[in-house]
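*Asks:* My structure is stored as entry_31.cif, with mmCIF, C-alpha atoms.
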data_run
loop_
_atom_site.label_atom_id
_atom_site.label_comp_id
_atom_site.auth_asym_id
_atom_site.auth_seq_id
_atom_site.Cartn_x
_atom_site.Cartn_y
_atom_site.Cartn_z
CA MET A 3 80.51 181.04 107.37
CA ALA A 4 83.24 182.61 105.25
CA ALA A 5 83.81 185.44 107.78
CA SER A 6 84.16 183.05 110.68
CA LEU A 7 86.77 181.08 108.78
CA LEU A 8 88.83 184.21 108.08
CA GLU A 9 88.75 185.77 111.54
CA SER A 10 91.83 185.46 113.71
CA PRO A 11 91.65 182.67 116.27
CA PHE A 12 93.66 184.78 118.74
CA LEU A 13 92.11 187.68 120.65
CA SER A 14 93.96 190.74 121.92
CA ASN A 15 94.24 189.31 125.45
CA ARG A 16 95.98 186.26 123.85
CA GLN A 17 93.36 183.79 125.02
CA LEU A 18 93.44 180.73 122.80
CA PHE A 19 89.73 180.76 122.03
CA SER A 20 86.90 182.91 123.21
CA THR A 21 83.94 181.20 124.81
CA THR A 22 81.85 182.97 122.21
CA HIS A 23 83.88 181.51 119.39
CA HIS A 24 81.86 179.16 117.18
CA SER A 25 84.27 176.29 117.96
CA PHE A 26 83.12 176.41 121.58
CA GLN A 27 79.44 176.30 120.81
CA PRO A 28 77.97 172.92 121.92
CA GLN A 29 76.83 170.86 118.98
CA LYS A 30 73.81 168.60 119.18
CA PRO A 31 75.02 164.98 118.89
CA ILE A 32 73.71 163.15 115.86
CA PRO A 33 73.41 159.40 116.47
CA ILE A 34 74.93 157.18 113.78
CA TYR A 35 73.75 153.62 113.32
CA TYR A 36 75.62 150.77 111.60
CA CYS A 37 73.98 147.42 111.01
CA VAL A 38 76.26 144.50 111.72
CA PRO A 39 75.52 140.75 111.44
CA PHE A 40 73.98 139.42 114.64
CA SER A 41 73.68 135.74 113.74
CA ARG A 42 73.85 133.36 110.79
CA SER A 43 70.46 134.64 109.70
CA SER A 44 70.03 137.35 107.11
CA SER A 45 68.94 139.93 109.72
CA ALA A 46 71.32 142.40 111.36
CA CYS A 47 71.49 144.18 114.69
CA PRO A 48 71.91 148.01 114.75
CA LEU A 49 75.05 149.33 116.40
CA ARG A 50 75.06 152.96 117.54
CA LEU A 51 78.23 155.01 117.82
CA CYS A 52 77.77 157.63 120.57
CA ALA A 53 79.77 160.51 122.03
CA VAL A 54 82.27 160.08 124.87
CA GLY A 55 80.49 160.12 128.24
CA GLU A 56 77.07 159.55 126.74
CA ASN A 57 74.99 157.02 128.71
CA VAL A 58 74.46 154.11 126.41
CA ASP A 59 71.86 152.41 128.61
CA SER A 60 69.64 155.46 128.47
CA LEU A 61 69.59 155.51 124.68
CA ALA A 62 66.36 154.38 123.12
CA LEU A 63 66.58 152.38 119.94
CA PRO A 64 64.63 153.80 117.04
CA PRO A 65 61.52 151.84 116.03
CA LEU A 66 63.24 150.28 112.99
CA ALA A 67 66.10 148.97 115.15
CA LYS A 68 63.61 147.34 117.56
CA VAL A 69 61.98 145.53 114.65
CA VAL A 70 65.33 144.34 113.32
CA ALA A 71 66.38 143.08 116.76
CA GLU A 72 63.09 141.22 117.24
CA ASP A 73 63.45 139.67 113.77
CA SER A 74 66.97 138.51 114.65
CA VAL A 75 65.73 136.74 117.78
CA GLN A 76 62.93 135.12 115.80
CA ASP A 77 65.36 134.01 113.07
CA ASN A 78 67.61 132.51 115.71
CA ARG A 79 64.70 130.48 117.07
CA VAL A 80 63.83 129.27 113.55
CA SER A 81 67.48 128.39 112.84
CA LEU A 82 67.69 126.44 116.10
CA GLU A 83 64.49 124.55 115.31
CA ARG A 84 65.78 123.67 111.83
CA SER A 85 69.06 122.44 113.32
CA LYS A 86 67.13 120.19 115.72
CA ASP A 87 65.02 118.90 112.83
CA ARG A 88 68.13 118.10 110.76
CA ARG A 89 69.72 116.23 113.67
CA LYS A 90 66.52 114.28 114.19
CA VAL A 91 66.40 113.29 110.50
CA VAL A 92 70.05 112.13 110.58
CA LYS A 93 69.49 110.19 113.80
CA LEU A 94 66.40 108.45 112.41
CA ALA A 95 68.24 107.58 109.17
CA TRP A 96 71.13 106.06 111.13
CA GLU A 97 68.83 104.08 113.44
CA LYS A 98 66.95 102.74 110.41
CA LEU A 99 70.24 101.63 108.83
CA VAL A 100 71.33 99.88 112.05
CA ARG A 101 67.97 98.08 112.37
CA TRP A 102 68.18 96.95 108.75
CA SER A 103 71.73 95.68 109.33
CA ARG A 104 70.76 93.77 112.49
CA TYR A 105 67.80 92.19 110.76
CA TRP A 106 69.91 90.83 107.91
CA ARG A 107 72.66 89.68 110.29
CA SER A 108 70.06 87.68 112.19
CA LYS A 109 69.03 86.04 108.90
CA ALA A 110 72.60 85.37 107.73
CA LYS A 111 73.41 81.73 107.19
CA THR A 112 76.40 80.15 108.92
CA ASP A 113 76.02 76.59 107.67
CA VAL A 114 79.01 76.83 105.29
CA LEU A 115 81.42 77.74 108.06
CA GLU A 116 79.92 75.13 110.37
CA ARG A 117 80.34 72.25 107.94
CA THR A 118 83.76 73.30 106.59
CA LYS A 119 86.53 71.22 108.14
CA LYS A 120 89.58 71.81 105.94
CA VAL A 121 90.81 74.65 103.75
CA VAL A 122 93.97 74.56 101.64
CA VAL A 123 95.99 77.60 100.52
CA LEU A 124 98.28 77.11 97.53
CA GLY A 125 101.35 79.32 97.94
CA GLY A 126 103.26 80.69 100.89
CA GLY A 127 103.48 84.34 99.87
CA SER A 128 102.28 87.34 101.83
CA PHE A 129 98.67 87.38 100.63
CA GLY A 130 98.23 83.61 100.83
CA THR A 131 99.54 83.74 104.41
CA ALA A 132 97.17 86.60 105.30
CA ILE A 133 94.13 84.74 103.92
CA ALA A 134 95.18 81.55 105.71
CA ALA A 135 95.38 83.46 109.00
CA HIS A 136 92.02 85.17 108.40
CA VAL A 137 90.17 81.92 107.66
CA ALA A 138 91.88 80.17 110.59
CA HIS A 139 90.57 82.85 112.96
CA ARG A 140 87.02 82.21 111.73
CA LYS A 141 86.85 78.84 113.51
CA ALA A 142 89.42 77.25 115.79
CA GLU A 143 88.41 73.73 114.71
CA LEU A 144 89.23 74.45 111.05
CA GLU A 145 92.34 72.84 109.61
CA ILE A 146 94.21 75.25 107.36
CA ASN A 147 96.86 73.64 105.17
CA MET A 148 99.37 75.87 103.36
CA LEU A 149 101.15 74.21 100.44
CA VAL A 150 104.56 75.93 100.22
CA ARG A 151 107.71 75.16 98.25
CA ASP A 152 110.27 76.68 100.64
CA PRO A 153 111.25 74.20 103.39
CA GLU A 154 112.44 77.04 105.63
CA VAL A 155 109.06 78.78 105.45
CA CYS A 156 107.33 75.46 106.05
CA GLN A 157 109.41 74.84 109.16
CA SER A 158 108.89 78.34 110.58
CA ILE A 159 105.09 78.08 110.18
CA ASN A 160 104.91 74.66 111.88
CA GLU A 161 107.43 75.30 114.66
CA SER A 162 107.32 79.06 115.33
CA HIS A 163 103.81 79.79 113.97
CA CYS A 164 105.03 82.60 111.73
CA ASN A 165 106.03 83.05 108.10
CA CYS A 166 109.71 83.90 108.57
CA LYS A 167 110.01 85.34 105.04
CA TYR A 168 107.05 87.72 104.95
CA PHE A 169 105.60 88.12 108.46
CA PRO A 170 108.27 87.23 111.01
CA GLU A 171 106.64 89.48 113.65
CA HIS A 172 103.09 88.16 113.23
CA LYS A 173 101.92 85.06 115.08
CA LEU A 174 99.80 82.69 113.01
CA PRO A 175 96.90 80.74 114.55
CA GLU A 176 97.86 77.27 115.71
CA ASN A 177 95.40 75.65 113.29
CA VAL A 178 97.52 76.84 110.33
CA ILE A 179 99.77 74.01 109.15
CA ALA A 180 102.34 74.15 106.35
CA THR A 181 103.43 71.31 104.08
CA THR A 182 105.40 70.73 100.90
CA ASP A 183 103.30 67.63 100.07
CA ALA A 184 100.55 68.52 97.58
CA LYS A 185 98.68 65.23 98.04
CA ALA A 186 98.48 65.63 101.82
CA ALA A 187 97.48 69.29 101.55
CA LEU A 188 94.62 68.68 99.10
CA LEU A 189 93.25 65.52 100.66
CA CYS A 190 89.62 66.03 101.83
CA ALA A 191 89.82 69.83 101.37
CA ASP A 192 86.51 71.75 101.27
CA PHE A 193 87.90 74.94 99.69
CA CYS A 194 91.14 75.79 97.88
CA PHE A 195 92.64 79.32 97.77
CA HIS A 196 95.03 79.75 94.85
CA ALA A 197 97.76 82.31 95.70
CA VAL A 198 100.48 81.36 93.18
CA PRO A 199 101.63 84.19 90.84
CA VAL A 200 99.85 84.14 87.47
CA GLN A 201 102.93 83.50 85.34
CA PHE A 202 103.75 80.31 87.29
CA SER A 203 100.19 79.08 87.84
CA SER A 204 99.75 76.92 84.77
CA SER A 205 102.86 74.78 85.32
CA PHE A 206 102.20 74.59 89.07
CA LEU A 207 98.60 73.41 88.64
CA LYS A 208 99.54 70.79 86.09
CA GLY A 209 101.92 69.34 88.68
CA ILE A 210 99.20 68.88 91.31
CA ALA A 211 96.23 68.11 89.03
CA ASP A 212 96.18 64.44 89.98
CA TYR A 213 95.41 65.32 93.62
CA VAL A 214 92.63 67.85 92.94
CA ASP A 215 89.05 66.70 93.47
CA PRO A 216 86.87 67.63 90.44
CA GLY A 217 84.34 69.30 92.75
CA LEU A 218 86.85 71.27 94.86
CA PRO A 219 86.04 75.02 94.66
CA PHE A 220 89.07 77.09 93.60
CA ILE A 221 89.19 80.67 94.89
CA SER A 222 91.76 82.69 92.97
CA LEU A 223 93.77 85.37 94.76
CA SER A 224 96.16 85.90 91.82
CA LYS A 225 95.84 89.03 89.68
CA GLY A 226 97.21 89.38 86.16
CA LEU A 227 97.25 87.98 82.64
CA GLU A 228 99.34 85.10 81.36
CA LEU A 229 101.93 86.75 79.16
CA ASN A 230 101.93 84.48 76.09
CA THR A 231 98.31 83.36 76.06
CA LEU A 232 96.55 86.48 77.45
CA ARG A 233 94.48 84.16 79.65
CA MET A 234 93.00 85.18 82.98
CA MET A 235 92.92 82.87 86.01
CA SER A 236 89.33 81.80 85.24
CA GLN A 237 90.71 80.32 82.02
CA ILE A 238 94.07 79.10 83.35
CA ILE A 239 92.79 77.00 86.28
CA PRO A 240 90.24 74.76 84.48
CA ARG A 241 92.60 74.36 81.52
CA ALA A 242 95.58 73.35 83.66
CA LEU A 243 93.46 70.95 85.74
CA LYS A 244 91.83 69.55 82.58
CA ASN A 245 88.39 70.11 84.08
CA SER A 246 86.19 72.75 82.44
CA ARG A 247 83.63 72.33 85.23
CA GLN A 248 86.00 72.99 88.13
CA PRO A 249 84.12 75.35 90.51
CA TYR A 250 85.74 78.78 90.29
CA VAL A 251 85.55 81.99 92.32
CA VAL A 252 87.76 85.09 92.14
CA LEU A 253 88.48 87.16 95.26
CA SER A 254 89.64 90.72 94.66
CA GLY A 255 89.46 94.27 96.00
CA PRO A 256 91.54 96.87 97.85
CA SER A 257 93.51 94.79 100.34
CA PHE A 258 97.10 94.75 101.54
CA ALA A 259 98.26 91.55 103.21
CA LEU A 260 99.85 93.46 106.10
CA GLU A 261 96.58 95.16 107.02
CA LEU A 262 94.72 91.84 106.85
CA MET A 263 97.27 90.38 109.26
CA ASN A 264 96.66 93.35 111.57
CA LYS A 265 92.89 92.69 111.38
CA LEU A 266 92.10 96.16 110.04
CA PRO A 267 88.68 96.74 108.39
CA THR A 268 88.72 95.54 104.78
CA ALA A 269 86.12 95.11 102.02
CA MET A 270 86.49 92.75 99.06
CA VAL A 271 84.47 91.12 96.26
CA VAL A 272 83.93 87.45 95.42
CA ALA A 273 82.77 86.84 91.86
CA SER A 274 81.48 83.63 90.33
CA LYS A 275 79.08 82.62 87.61
CA ASP A 276 77.62 80.26 90.21
CA LYS A 277 75.71 82.51 92.62
CA LYS A 278 75.41 79.77 95.23
CA MET A 279 79.19 79.26 95.20
CA ALA A 280 79.83 83.02 95.58
CA ASN A 281 77.48 83.09 98.59
CA SER A 282 79.29 80.11 100.14
CA VAL A 283 82.68 81.84 99.89
CA GLN A 284 81.10 85.00 101.26
CA GLN A 285 79.95 83.05 104.32
CA LEU A 286 83.39 81.51 104.73
CA LEU A 287 85.23 84.85 104.68
CA ALA A 288 82.87 87.53 106.03
CA SER A 289 83.70 88.62 109.57
CA ARG A 290 83.67 91.66 111.87
CA ASN A 291 86.74 93.07 110.13
CA MET A 292 86.06 91.87 106.57
CA ARG A 293 83.11 92.74 104.36
CA ILE A 294 82.54 90.53 101.32
CA ASN A 295 80.35 91.62 98.41
CA THR A 296 79.25 89.11 95.76
CA SER A 297 79.21 89.53 92.00
CA SER A 298 78.57 87.47 88.88
CA ASP A 299 80.93 89.60 86.77
CA VAL A 300 84.04 87.40 86.78
CA THR A 301 85.52 89.15 83.73
CA GLY A 302 85.13 92.63 85.23
CA VAL A 303 86.71 91.68 88.57
CA GLU A 304 89.63 89.87 86.91
CA ILE A 305 90.45 92.44 84.22
CA ALA A 306 90.32 95.30 86.73
CA GLY A 307 92.62 93.38 89.06
CA ALA A 308 95.10 92.76 86.25
CA LEU A 309 95.16 96.23 84.69
CA LYS A 310 95.33 98.20 87.94
CA ASN A 311 98.83 96.77 88.55
CA VAL A 312 100.08 98.29 85.29
CA LEU A 313 98.46 101.62 86.12
CA ALA A 314 100.13 101.53 89.56
CA ILE A 315 103.54 101.37 87.86
CA ALA A 316 102.61 104.52 85.91
CA ALA A 317 101.53 106.26 89.13
CA GLY A 318 104.84 105.31 90.72
CA ILE A 319 106.76 106.75 87.78
CA VAL A 320 104.95 110.08 88.23
CA GLU A 321 105.96 110.03 91.90
CA GLY A 322 109.55 109.11 91.08
CA LEU A 323 109.80 111.99 88.61
CA ASN A 324 108.35 114.43 91.19
CA LEU A 325 105.71 115.64 88.73
CA GLY A 326 103.28 116.70 91.45
CA ASN A 327 99.70 116.01 92.46
CA ASN A 328 98.07 117.50 89.37
CA SER A 329 99.94 115.07 87.15
CA MET A 330 99.13 112.14 89.43
CA ALA A 331 95.40 112.86 89.38
CA ALA A 332 95.35 113.36 85.59
CA LEU A 333 97.29 110.16 84.94
CA VAL A 334 95.19 107.94 87.22
CA ALA A 335 91.96 109.38 85.78
CA GLN A 336 93.18 108.64 82.25
CA GLY A 337 94.26 105.15 83.31
CA CYS A 338 90.82 104.46 84.82
CA SER A 339 89.23 105.45 81.50
CA GLU A 340 91.55 103.12 79.59
CA ILE A 341 90.69 100.21 81.92
CA ARG A 342 86.99 100.98 81.44
CA TRP A 343 87.33 101.11 77.63
CA LEU A 344 89.05 97.73 77.42
CA GLY A 345 87.01 96.10 80.17
CA THR A 346 83.64 96.93 78.64
CA LYS A 347 84.84 95.74 75.22
CA MET A 348 85.70 92.39 76.87
CA GLY A 349 82.25 92.13 78.41
CA ALA A 350 82.84 93.62 81.88
CA LYS A 351 80.13 95.66 83.57
CA SER A 352 80.94 99.35 84.07
CA THR A 353 79.53 99.13 87.61
CA THR A 354 82.16 96.49 88.43
CA LEU A 355 84.96 98.68 87.07
CA THR A 356 83.87 101.60 89.24
CA GLY A 357 83.30 99.47 92.33
CA LEU A 358 85.49 97.89 95.02
CA SER A 359 87.41 95.58 92.70
CA GLY A 360 87.88 98.36 90.14
CA THR A 361 88.24 101.94 91.33
CA GLY A 362 88.69 100.82 94.95
CA ASP A 363 91.66 98.59 94.12
CA ILE A 364 93.10 101.20 91.74
CA MET A 365 93.13 103.89 94.45
CA LEU A 366 94.86 101.63 96.94
CA THR A 367 97.48 100.36 94.49
CA CYS A 368 98.25 103.72 92.88
CA PHE A 369 98.43 105.95 95.96
CA VAL A 370 99.85 103.84 98.81
CA ASN A 371 103.52 103.02 99.38
CA LEU A 372 102.82 99.39 100.37
CA SER A 373 102.02 98.65 96.71
CA ARG A 374 104.76 96.55 95.06
CA ASN A 375 103.84 97.76 91.56
CA ARG A 376 103.83 101.40 92.63
CA THR A 377 107.25 100.87 94.22
CA VAL A 378 108.60 99.54 90.92
CA GLY A 379 107.31 102.68 89.19
CA VAL A 380 108.81 105.03 91.78
CA ARG A 381 112.21 103.42 91.37
CA LEU A 382 111.95 103.50 87.55
CA GLY A 383 111.05 107.19 87.70
CA SER A 384 114.04 107.80 89.97
CA GLY A 385 116.38 106.37 87.33
CA GLU A 386 116.96 102.77 88.48
CA LYS A 387 117.16 99.89 86.01
CA LEU A 388 114.29 97.40 85.93
CA ASP A 389 116.52 94.34 86.39
CA ASP A 390 118.11 95.87 89.50
CA ILE A 391 114.68 96.67 90.93
CA LEU A 392 113.28 93.16 90.38
CA ASN A 393 116.41 91.45 91.71
CA SER A 394 116.13 93.42 94.96
CA MET A 395 112.48 92.45 95.58
CA ASN A 396 111.36 89.32 97.46
CA GLN A 397 107.82 89.50 96.06
CA VAL A 398 106.38 89.48 92.54
CA ALA A 399 105.13 92.71 90.96
CA GLU A 400 102.53 91.29 88.56
CA GLY A 401 102.20 94.56 86.64
CA VAL A 402 105.65 94.13 85.07
CA SER A 403 104.73 90.92 83.25
CA THR A 404 101.12 91.94 82.66
CA ALA A 405 101.95 95.20 80.84
CA GLY A 406 102.89 93.57 77.54
CA ALA A 407 99.86 91.29 77.62
CA VAL A 408 97.55 94.24 78.22
CA ILE A 409 98.76 96.00 75.08
CA THR A 410 98.25 92.87 73.00
CA LEU A 411 94.69 92.69 74.35
CA ALA A 412 94.14 96.35 73.52
CA GLN A 413 95.18 95.72 69.93
CA LYS A 414 92.89 92.68 69.76
CA TYR A 415 89.88 94.71 70.91
CA LYS A 416 90.94 97.87 69.01
CA VAL A 417 91.21 100.10 72.08
CA LYS A 418 93.71 102.98 72.39
CA MET A 419 95.50 102.92 75.78
CA PRO A 420 98.21 105.63 75.80
CA VAL A 421 99.17 105.46 79.49
CA LEU A 422 99.33 101.67 79.78
CA THR A 423 101.12 101.42 76.42
CA ALA A 424 103.74 103.88 77.68
CA VAL A 425 104.32 101.68 80.75
CA ALA A 426 104.87 98.63 78.53
CA ARG A 427 107.40 100.58 76.43
CA ILE A 428 109.27 101.73 79.53
CA ILE A 429 109.41 98.17 80.88
CA ASP A 430 110.76 96.98 77.53
CA ASN A 431 113.47 99.67 77.86
CA GLU A 432 112.34 101.30 74.60
CA LEU A 433 111.26 104.57 76.20
CA THR A 434 112.51 106.63 79.14
CA PRO A 435 110.01 107.82 81.78
CA ALA A 436 110.73 111.48 80.97
CA LYS A 437 110.24 110.94 77.24
CA ALA A 438 107.00 109.05 77.91
CA VAL A 439 105.62 111.99 79.88
CA TYR A 440 106.57 114.40 77.06
CA GLU A 441 104.82 112.24 74.44
CA LEU A 442 101.68 111.80 76.56
CA MET A 443 101.40 115.54 77.21
CA ASN A 444 101.67 116.23 73.47
CA LEU A 445 98.86 113.90 72.43
CA PRO A 446 96.06 115.67 70.50
CA GLN A 447 93.58 117.63 72.64
CA VAL A 448 90.36 115.61 72.68
CA GLU A 449 86.80 115.72 73.91
CA GLU A 450 86.17 114.15 77.33
CA VAL A 451 84.86 110.60 76.84
#
The structure given in the file should be rewritten as structure tokens.

*Replies:*
Amino acid sequence: MAASLLESPFLSNRQLFSTTHHSFQPQKPIPIYYCVPFSRSSSACPLRLCAVGENVDSLALPPLAKVVAEDSVQDNRVSLERSKDRRKVVKLAWEKLVRWSRYWRSKAKTDVLERTKKVVVLGGGSFGTAIAAHVAHRKAELEINMLVRDPEVCQSINESHCNCKYFPEHKLPENVIATTDAKAALLCADFCFHAVPVQFSSSFLKGIADYVDPGLPFISLSKGLELNTLRMMSQIIPRALKNSRQPYVVLSGPSFALELMNKLPTAMVVASKDKKMANSVQQLLASRNMRINTSSDVTGVEIAGALKNVLAIAAGIVEGLNLGNNSMAALVAQGCSEIRWLGTKMGAKSTTLTGLSGTGDIMLTCFVNLSRNRTVGVRLGSGEKLDDILNSMNQVAEGVSTAGAVITLAQKYKVKMPVLTAVARIIDNELTPAKAVYELMNLPQVEEV
């Protein structure tokens, strides 16, 4: 081997290589096999690298390669069978769900809708208008009376069938009628939807109390806490009407008025201590584009609806400061914990706080630009003054007035609420958004609760 490496490659006759030179001796090809994945299974198919000109078709696979190839085919058959089995299981599960749904729909009662002749909506704001339109679409023979204070809005609803202030482009059903006369609106009503902002509800209700039938069910659409008294709507309505037995239901959940007007799929919760009353309101509202769940946890639904508005301001501030998605997720998670801590201390069920009227409403209000409270936060984070923001808005952001009340409640129930307290301080102009973020990030590191 050493001699052949040292010998001169050139012969005396200057031929490049001699035919007897070892470089010209034909070498026996040695097949090389690589195993590469053939399918999703664990088996592999052998791949042979052969010399140029070698007939691949004539090559015989070694016994091991034949076994591997056969295993791959078998594994493919097994994988295909499993895939078919999974599809069959999913199909059967879906068909079972559909059958269950059809069965209960066939059993669903419609007597409430059939016997209801008149519904009154107190307030001519965006959500009150959306609920009026939704109920009016349920039955053409229903009379929907909207009690409004603005004569211009009243005229536009009656003459043009639209709310010129909030939904000028949306046509209202012809069975929606507006009035400024409380007595006429409430006369012979079967249900009453209360859509007046919380801070004005007490004085408003006292003014119409003489026209309210003691047995008229009140369905509250208003979310928040009365600033000075810390009362929720379930306490405000019977007190203002001087009737502790006034039937009461709260309607809440992730729902923007604009999407209700556009008849987009929506799910909400009606809560009442009277199960029969909750079921009646469910019948009145449930439709192809609106799901209504029932609950007996009035406190949980109301406190979640009030506190989520304050948290939405905090989420908006994070957006206005451009703090990023990590910050947003951390803040909303912390806020959800604070709402749970206070809510459970007040007697709310944790399942309510993590359901539609809790986490569902929080996600919608904190992450979507249609939220009034989130918009306030974004503008605060961008450096605008609160008074300028509120003066430029034509709708009420309940979280602004609720923030201070929430902190008073937290002190009453001895619950620490750093995020919601920071919002209250910012609204009171005692803390800047940037400083609030700094203080929150420097709170002691704690165990996850």

*Asks:* Excluding same-chain residues fewer than 4 positions from region 108-125 of chain A, what lies within 7 Å of it counting all atoms listed in the file, as an NGL selection string?

*Replies:* :A and (104 or 130 or 134 or 144-150 or 187-188 or 191-198 or 282 or 285-286)

*Asks:* Filtering to C-alpha atoms, could you give me those residues as a compact mmCIF listing (two decimals), in the coordinates of the input?

*Replies:*
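Result went into again-v4.txt, see below:
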# COMPACT_ATOMS: atom_id res chain seq x y z
CA ARG A 104 70.76 93.77 112.49
CA GLY A 130 98.23 83.61 100.83
CA ALA A 134 95.18 81.55 105.71
CA LEU A 144 89.23 74.45 111.05
CA GLU A 145 92.34 72.84 109.61
CA ILE A 146 94.21 75.25 107.36
CA ASN A 147 96.86 73.64 105.17
CA MET A 148 99.37 75.87 103.36
CA LEU A 149 101.15 74.21 100.44
CA VAL A 150 104.56 75.93 100.22
CA ALA A 187 97.48 69.29 101.55
CA LEU A 188 94.62 68.68 99.10
CA ALA A 191 89.82 69.83 101.37
CA ASP A 192 86.51 71.75 101.27
CA PHE A 193 87.90 74.94 99.69
CA CYS A 194 91.14 75.79 97.88
CA PHE A 195 92.64 79.32 97.77
CA HIS A 196 95.03 79.75 94.85
CA ALA A 197 97.76 82.31 95.70
CA VAL A 198 100.48 81.36 93.18
CA SER A 282 79.29 80.11 100.14
CA GLN A 285 79.95 83.05 104.32
CA LEU A 286 83.39 81.51 104.73

*Asks:* Go through A:Pro420, A:His163, A:Thr131, A:Thr231 one by one, measure the shortest atom-to-atom distance of each to Asn444 (chain A) using only C-alpha atoms, and give the residue with the smallest value.

*Replies:*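 That would be A:Pro420, the residue with the smallest distance to Asn444 (chain A).
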
*Asks:* Nearest to Leu260 (chain A) among A:Ala132, A:Ala242, A:Leu82, A:Val451, with distances taken over all atoms listed in the file: which residue is it?

*Replies:*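 Using all atoms listed in the file, Leu260 (chain A) sits closest to A:Ala132.
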
*Asks:* I'd like to see the residues matched by the PyMOL selection byres ((chain A and resi 370) around 12) on this file, and ideally I'd get them as a list of chain:residue names.

*Replies:*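 Checked against the file, the PyMOL selection byres ((chain A and resi 370) around 12) matches A:Pro256, A:Ser257, A:Phe258, A:Ala314, A:Ile315, A:Ala317, A:Gly318, A:Glu321, A:Asp363, A:Ile364, A:Met365, A:Leu366, A:Thr367, A:Cys368, A:Phe369, A:Asn371, A:Leu372, A:Ser373, A:Arg374, A:Asn375, A:Arg376, A:Thr377, A:Val380.
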
*Asks:* One decimal, in Å: what's the spacing between CA of Pro267 (chain A) and CA of Leu174 (chain A)?

*Replies:*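 We find that CA of Pro267 (chain A) and CA of Leu174 (chain A) lie 18.5 Å from each other.
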
*Asks:* If the PyMOL selection byres ((chain A and resi 266) around 12) is run on the structure shown, which residues does it catch, given as JSON, numbers by chain?

*Replies:* {"A": [132, 136, 257, 258, 259, 260, 261, 262, 263, 264, 265, 267, 268, 269, 289, 290, 291, 292, 293]}

*Asks:* Identify all residues satisfying the PyMOL selection byres ((chain A and resi 232) around 8) in the given file; provide them as a PyMOL selection string.

*Replies:* chain A and resi 227-231+233-234+407-408+410-411

*Asks:* Between A:Arg89, A:Arg151, A:Lys275, A:Lys208, which has the minimum distance to Leu243 (chain A) (counting only C-alpha atoms)?

*Replies:*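 Result for the nearest residue to Leu243 (chain A): A:Lys208.
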
*Asks:* Would you work out the distance separating CA of Val155 (chain A) from CA of Pro175 (chain A), expressed in Å to one decimal?

*Replies:*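 Atom-to-atom, CA of Val155 (chain A) and CA of Pro175 (chain A) are spaced 15.3 Å apart.
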
*Asks:* Interatomic distance between CA of Ile319 (chain A) and CA of Ser403 (chain A)?

*Replies:*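 A separation of 16.6 Å between them.
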